[in-house]
Amino acid sequence: MKATLFKEVGYTLNKLLQDIEAGEIGLPDIQRPFIWKPARVRDLFDSMYKGFPVGYLLFWANGGGNGHRQIGVGAKQVVPRLLIVDGQQRLTSLYAVLKDKPVLRDDYTQLPIAIAFRPRDEKFEVTDAAIRKDPEFIADISILWREGVSEYHFITEFIQNLRRHREVDKEDEGRLAANIDRLYDIQNYPFTALELSSTVDEEQVSDVFVRINSQGVTLNQADFILTLMSVFWDEGRMQLEQFCRAARHPSVQGSSPFNHFILPSPDQLLRVSMALGFRRARLEHVYSVLRGKDMETGVFSADRRVQQFATFIPAQSYALDNVNWHEFFKCLLRAGYRGSSMVNSQVALLYSYALYLIGKRDHGVAPESLREIIARWFFMSALTQRYTTSPETAMEADLARLRQAHTSTDFVAILDGIVCDTFTDDFWGITLPNQLATSAARSPALFAYFAALNLLEAKVLFSKLKVSELLDPSVRSDKAALERHHLFARGYLRSIGITDLREVNQIANYAMVEWADNIEISDQPPSVYVPKHEAGQTPEDLAQMRYWHALPVGWQEMAYSEFLASRRRLMAQVIRDGFARLQRAS
């Protein structure tokens with residue numbers, strides 16, 4: 001039998017946290033220092049308090065020295081002796097709470113996490129404003145282990161404070177003290193760790209990590225690819241994370257990936273880089289590619305891995321280029337989409353970005369032509385939900401078709417061909433009106449209608465302002481400047497016996513108005529408020545307004561069901577006309 005690569009070692013929680021605090025145990029570069037959601041941390045403490053097992057830990061003896069990130073945000077005393085391979089989420093969470101230390105969250109902010117405990121019934125909660133005011137709770141259990149805090153004095157003060165709010169008899173006092181003491185004793189909770197030998201190399205550690213997490217757990221290919229990046233190209237992983245962090249906040253000076261369309265995550269941008277570099281959309285294939293697997297023979301090779309990274313590194317650099325990033329968003333603006341509130345599918349956005357990069361870098365499509373074709377592509381893919389069901393399969397098929405492109409003309413022709421094959425007369429006349437028969441607030445058909453209004457330079461209903469002006473995400477206030485208004489008001493529909501919200505909130509019963517008009521219109525029937533708002537307008541202006549807002553002639557007097565059916569057909573025509581503006585530019 002071959003010698004094992006690990007040994008089993010017992011720890012108490014207190015010993016683990018002391019070693020983390022001193023820097024003896026550190027976080028290796030194959031993982032990112034993100035902690036769980038607070039509710040999951042709460043559940044972890046509840047399990048430990050009740051004496052339930054919470055799993056093994058896996059450590060790796062560090063034979064290399066420097067270059068490993070550590071938990072928390074303060075400097076440590078020594079280079080880590082042990083690196084956490086599995087159990088990082090548990091230990092980081094425990095460290096953050098018991099030591100009252102901030103750590104990196106998944107939104108790239110440094111925040112502490114507070115867990116509350118109610119000794120009366122031994123209940124753990126995530127701390128909120130109400131809990132902080134409730135004397136029954138220890139609002140932040142970190143205080144129990146804070147330097148200079150005596151457990152005895154803490155219990156005494158807690159009970160004295162509680163007595164100011166309610167009666168506490170001797171039996172209550174004993175139970176409260178015992179439960180707080182039991183909480184305090186969590187620091188002695190036993191953990192079992194498997195320590196991998198320092199002779200195990202980084203690739204073996206990565207394999208062990210994958211194998212352990214494969215047992216009964218749904219695999220996350222993106223995480224495993226980021227793991228490989230950390231092992232073989234940590235600089236690239238850091239670039240991904242820094243880009244995503246910067247995309248969340250406007251830059252005071254200099255270039256920034258901040259935008260109004262998407263707050264990207266590393267795995268999302270990883271998909272873009274992989275599509276650009278390898279023409280692959282399935283991350284399960286990419287994982288093998290980055291490990292150096294020959295897709296023909298299935299054999300792994302270090303030389304092949306070097307070759308694959310030689311392709312991947314420039315692809316990621318190109319995807320993270322701020323010029324490319326912001327030039328792509330001009331394509332979305334050209335398509336009539338103004339910001340994230342109009343984007344129903346981030347996958348469609350990311351895959352469109354990948355196609356933009358392929359067209360620019362690999363086919364040399366002229367900037368204006370590229371902007372127009374990607375605008376048409378995004379409009380189509382967003383409206384038809386092309387990447388909603390089996391997105392990787394759909395993108396693999398699109399990438400496969402592009403293998404036939406050898407020139408910039410080929411690239412544009414192939415994408416335009418797919419768009420034309422999708423937008424048939426039956427789609428515009430049958431499928432789209434049916435898609436508009438919904439009350440979903442974030443319908444892709446509704447967003448396409450808004451985009452079409454932008455493309456047609458439409459004005460807001462009963463207003464001189466353009467829809468595009470009031471949809472600008474950079475203009476924000478406490479009250480939205482633009483609101484969706486029920487053309488047949490809810491109160492009015494209720495008065496005629498229509499109360500089903502799916503009927504009341506149909507997309508075809510909404511129109512864009514300025515919020516002041518929305519308040520004024522209130523629950524009036526359209527037969528009352530429409531003549532008031534149309535007074536003084538020319539027949540030409542009224543005809544244009546009715547066209548933009550898909551209002552049938554005499555709609556204010558129509559039966560509600562007849563109005564909905566008629567308006568859906570007209571909205572579909574407006575969307576088609578808006579898209580035609582994009583086609584005319586080709």
# chains A, B, ... in the order shown; residues from 1 in each chain; ligands from 1

call {"tool": "residues_around", "arguments": {"residues": "Asn259 of chain A", "least_positions_apart": "4", "cutoff": "9 Å", "atoms": "only C-alpha atoms", "output": "count of residues only"}}
result
8

call {"tool": "residues_around", "arguments": {"residues": "Ser468 of chain A", "least_positions_apart": "3", "cutoff": "7 Å", "atoms": "only C-alpha atoms", "output": "number ranges by chain"}}
result
A: 454, 471-472

call {"tool": "closest_residue", "arguments": {"among": "A:Asp426, A:Glu368, A:Asp577, A:Asp19", "to": "Ala451 of chain A", "atoms": "only C-alpha atoms"}}
result
A:Asp577

call {"tool": "closest_residue", "arguments": {"among": "A:Met342, A:Ala550, A:Leu144, A:Leu162", "to": "Ala445 of chain A", "atoms": "only C-alpha atoms"}}
result
A:Met342

call {"tool": "closest_residue", "arguments": {"among": "A:Arg568, A:Glu327, A:Leu465, A:Ile498", "to": "Thr438 of chain A", "atoms": "only C-alpha atoms"}}
result
A:Arg568

call {"tool": "residues_around", "arguments": {"residues": "segment 133-137 of chain A", "least_positions_apart": "2", "cutoff": "8 Å", "atoms": "only C-alpha atoms", "output": "PDB file with C-alpha atoms, in the first residue's frame"}}
result
ATOM      1  CA  ALA A 116     -26.668  37.287  18.374  1.00  0.00           C
ATOM      2  CA  PHE A 117     -27.650  34.772  21.068  1.00  0.00           C
ATOM      3  CA  ARG A 118     -30.735  34.682  23.270  1.00  0.00           C
ATOM      4  CA  PRO A 119     -29.858  32.774  26.467  1.00  0.00           C
ATOM      5  CA  ARG A 120     -33.503  32.392  27.444  1.00  0.00           C
ATOM      6  CA  ALA A 129     -31.367  46.849  14.716  1.00  0.00           C
ATOM      7  CA  ALA A 130     -34.277  45.281  16.612  1.00  0.00           C
ATOM      8  CA  ILE A 131     -32.053  42.677  18.263  1.00  0.00           C
ATOM      9  CA  ALA A 139     -26.441  41.335  20.395  1.00  0.00           C
ATOM     10  CA  ASN A 161     -29.676  44.692  32.666  1.00  0.00           C
ATOM     11  CA  LEU A 162     -32.393  42.149  31.956  1.00  0.00           C
ATOM     12  CA  HIS A 165     -36.927  45.154  31.839  1.00  0.00           C
TER      13      HIS A 165
END

call {"tool": "residues_around", "arguments": {"residues": "segment 382-388 of chain A", "least_positions_apart": "5", "cutoff": "12 Å", "atoms": "only C-alpha atoms", "output": "number ranges by chain"}}
result
A: 281, 332, 335-337, 342-352, 374-377, 393-398, 418-419, 422-424, 427-428, 431-432, 435-436, 442-452, 572, 575-576, 579

call {"tool": "select_by_dssp", "arguments": {"residues": "segment 89-306 of chain A", "states": "alpha helix (DSSP H)", "output": "MDAnalysis selection string"}}
result
chainID A and resid 89:98 129:133 151:163 170:184 202:214 221:232 234:246 266:278 283:290 302:306
